[in-house]
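Student: Following this message is one structure expressed as structure tokens.
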Amino acid sequence: MKLSENLSLAEMLKSRTASRLCISNSPDEEHVKNMKALAENIFQPLRDYFGVPIHIASGYRSESLNRAIGGAHRWVGGKYIATSQHCKGEAIDIDRDGQHAPNNAEIFNYIKDNLEFDQMIWEFGTQKNPEWVHVSYKRIAPNRGEILVAYKTGNGRTKYRKY
């Protein structure tokens, strides 16, 4: 199934961790609708503008997969609740490093300057180029346009600050 001209559902579901650990990574109908909106409003405009394949390092994640990789979550009454937008089909992580232009910083800046998005994160890396770019898009709720930078603290915890 195609989510946009250059993005298939299979690409959004691909996960080495899910395969290795035999974890189901199957979305429901709402997740697929969200992924289609994400593909049409973020992925495809990037692909069309730059004219090169755009690598998705992480797309949709089931709650079990999110837990296995240590994705965003919280505990409520002793129950694990996945809070990552990946689990809703609303987020992708893009990584173009090691390839010809555009690099991750160019992807980040294009999205920032040209596309509507909910949240975008400059994920680690240097001040010149992130290791990857996390970007989300909400199909129903208003998109916040929030931009953050992820960094590690001295004890190895991930923190976020405004861009």
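Chain labels follow the order of the structure tokens: the first chain is A, the next B, and so on; residue numbering restarts at 1 in every chain, and ligands are counted from 1 in their shown order.
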Can you pull out every residue from segment 46-132 of chain A that DSSP, working from the backbone, puts in strand (DSSP E or B), and format the result as JSON, numbers by chain?
Tutor: {"A": [56, 57, 58, 73, 74, 75, 76, 79, 80, 81, 82, 91, 92, 93, 94, 119, 120, 121, 122, 123, 132]}
Student: How close does each residue of segment 50-119 of chain A get to segment 2-26 of chain A, giving the shortest atom pair and distance in Å to one decimal for every residue with an atom at most 12 Å away, counting only C-alpha atoms, sorted by chain and residue number, as CSV?
Tutor:
```
residue,atom,partner,partner_atom,distance
A:Gly51,CA,A:Asn6,CA,10.6
A:Val52,CA,A:Asn6,CA,10.2
A:Pro53,CA,A:Asn6,CA,8.3
A:Ile54,CA,A:Asn6,CA,9.1
A:His55,CA,A:Glu11,CA,9.3
A:Ile56,CA,A:Met12,CA,7.5
A:Ala57,CA,A:Ser15,CA,8.9
A:Ser58,CA,A:Met12,CA,7.3
A:Gly59,CA,A:Met12,CA,4.6
A:Tyr60,CA,A:Leu13,CA,5.5
A:Arg61,CA,A:Asn25,CA,6.1
A:Ser62,CA,A:Asn25,CA,5.0
A:Glu63,CA,A:Asn25,CA,8.4
A:Ser64,CA,A:Ile23,CA,6.8
A:Leu65,CA,A:Ala18,CA,6.2
A:Asn66,CA,A:Ala18,CA,9.6
A:Arg67,CA,A:Ile23,CA,10.5
A:Ala68,CA,A:Thr17,CA,8.0
A:Ile69,CA,A:Thr17,CA,7.7
A:Gly70,CA,A:Thr17,CA,11.5
A:His86,CA,A:Met12,CA,9.9
A:Cys87,CA,A:Asn25,CA,9.6
A:Lys88,CA,A:Ser26,CA,11.4
A:Gly89,CA,A:Met12,CA,8.6
A:Glu90,CA,A:Met12,CA,10.7
A:Ala91,CA,A:Met12,CA,9.8
A:Ile92,CA,A:Met12,CA,8.1
A:Asp93,CA,A:Met12,CA,10.2
A:Ile94,CA,A:Met12,CA,11.4
```
Student: Please list as a list in words every residue within 12 Å of Glu146 of chain A, counting only C-alpha atoms and excluding residues in the same chain fewer than 5 positions away.
Tutor: Ile111, Lys112, Glu116, Phe117, Asp118, Gln119, Met120, Ile121, Trp122, His134, Val135, Ser136, Tyr137, Tyr160, Arg161, Lys162 and Tyr163 of chain A
Student: Mind dumping the selected residues with N, CA, C and O atoms as a short mmCIF file (atom, residue, chain, number, x, y, z; two decimals), in the first residue's frame?
Tutor:
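Okay, out_22.cif is ready:
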```cif
data_model
loop_
_atom_site.label_atom_id
_atom_site.label_comp_id
_atom_site.auth_asym_id
_atom_site.auth_seq_id
_atom_site.Cartn_x
_atom_site.Cartn_y
_atom_site.Cartn_z
N ILE A 111 12.20 21.73 6.45
CA ILE A 111 10.94 21.51 7.17
C ILE A 111 10.59 22.75 7.99
O ILE A 111 9.46 23.25 7.93
N LYS A 112 11.55 23.26 8.74
CA LYS A 112 11.34 24.44 9.60
C LYS A 112 10.81 25.62 8.81
O LYS A 112 9.88 26.31 9.24
N GLU A 116 4.28 22.69 7.50
CA GLU A 116 3.55 22.66 8.77
C GLU A 116 3.89 21.34 9.45
O GLU A 116 3.88 20.28 8.82
N PHE A 117 4.20 21.40 10.74
CA PHE A 117 4.54 20.19 11.49
C PHE A 117 4.09 20.38 12.93
O PHE A 117 3.85 21.50 13.38
N ASP A 118 4.00 19.27 13.65
CA ASP A 118 3.63 19.36 15.06
C ASP A 118 4.87 19.57 15.91
O ASP A 118 4.95 20.51 16.68
N GLN A 119 5.84 18.68 15.76
CA GLN A 119 7.07 18.78 16.55
C GLN A 119 8.25 18.34 15.68
O GLN A 119 8.14 17.38 14.92
N MET A 120 9.35 19.03 15.83
CA MET A 120 10.58 18.62 15.14
C MET A 120 11.71 18.69 16.16
O MET A 120 11.79 19.63 16.96
N ILE A 121 12.57 17.67 16.13
CA ILE A 121 13.67 17.60 17.09
C ILE A 121 14.99 17.41 16.35
O ILE A 121 15.13 16.50 15.54
N TRP A 122 15.94 18.30 16.64
CA TRP A 122 17.33 18.18 16.20
C TRP A 122 17.93 17.14 17.14
O TRP A 122 18.20 17.43 18.31
N HIS A 134 13.83 14.14 13.92
CA HIS A 134 12.51 13.62 14.28
C HIS A 134 11.50 14.68 13.89
O HIS A 134 11.66 15.85 14.22
N VAL A 135 10.44 14.27 13.18
CA VAL A 135 9.39 15.22 12.81
C VAL A 135 8.04 14.52 12.90
O VAL A 135 7.91 13.36 12.55
N SER A 136 7.05 15.27 13.42
CA SER A 136 5.71 14.71 13.53
C SER A 136 4.69 15.65 12.91
O SER A 136 4.92 16.85 12.76
N TYR A 137 3.55 15.05 12.57
CA TYR A 137 2.45 15.79 11.96
C TYR A 137 1.14 15.21 12.48
O TYR A 137 0.96 13.99 12.46
N TYR A 160 15.68 17.76 26.57
CA TYR A 160 15.29 18.57 25.42
C TYR A 160 15.27 20.03 25.83
O TYR A 160 14.89 20.38 26.94
N ARG A 161 15.68 20.89 24.89
CA ARG A 161 15.57 22.32 25.09
C ARG A 161 14.99 22.92 23.82
O ARG A 161 15.05 22.32 22.74
N LYS A 162 14.44 24.11 23.96
CA LYS A 162 13.88 24.80 22.79
C LYS A 162 15.01 25.12 21.81
O LYS A 162 16.12 25.44 22.21
N TYR A 163 14.71 25.06 20.54
CA TYR A 163 15.67 25.35 19.46
C TYR A 163 15.98 26.82 19.46
O TYR A 163 15.15 27.66 19.65
#
```
Student: Separation of atom CA of Tyr49 of chain A and atom CA of Ile107 of chain A, in Å?
Tutor: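 Calculated distance between atom CA of Tyr49 of chain A and atom CA of Ile107 of chain A is 10.1 Å.
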Student: Measure the distance from atom CA of Leu148 of chain A to atom CA of Ala39 of chain A in Å and round it to one decimal.
Tutor: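 Atom-to-atom, atom CA of Leu148 of chain A to atom CA of Ala39 of chain A, that is 21.3 Å.
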Student: Per DSSP on the backbone, what are the helix (DSSP H, G or I) residues of chain A, as a PyMOL selection string?
Tutor: chain A and resi 9-13+16-21+29-50+63-69+85-88+104-114
Student: So the first atom is atom CA of Gln85 of chain A and the second is atom CA of Phe43 of chain A; what is the distance between them in Å, to one decimal place?
Tutor: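 Rounded to one decimal, the two atoms are 15.6 Å apart.
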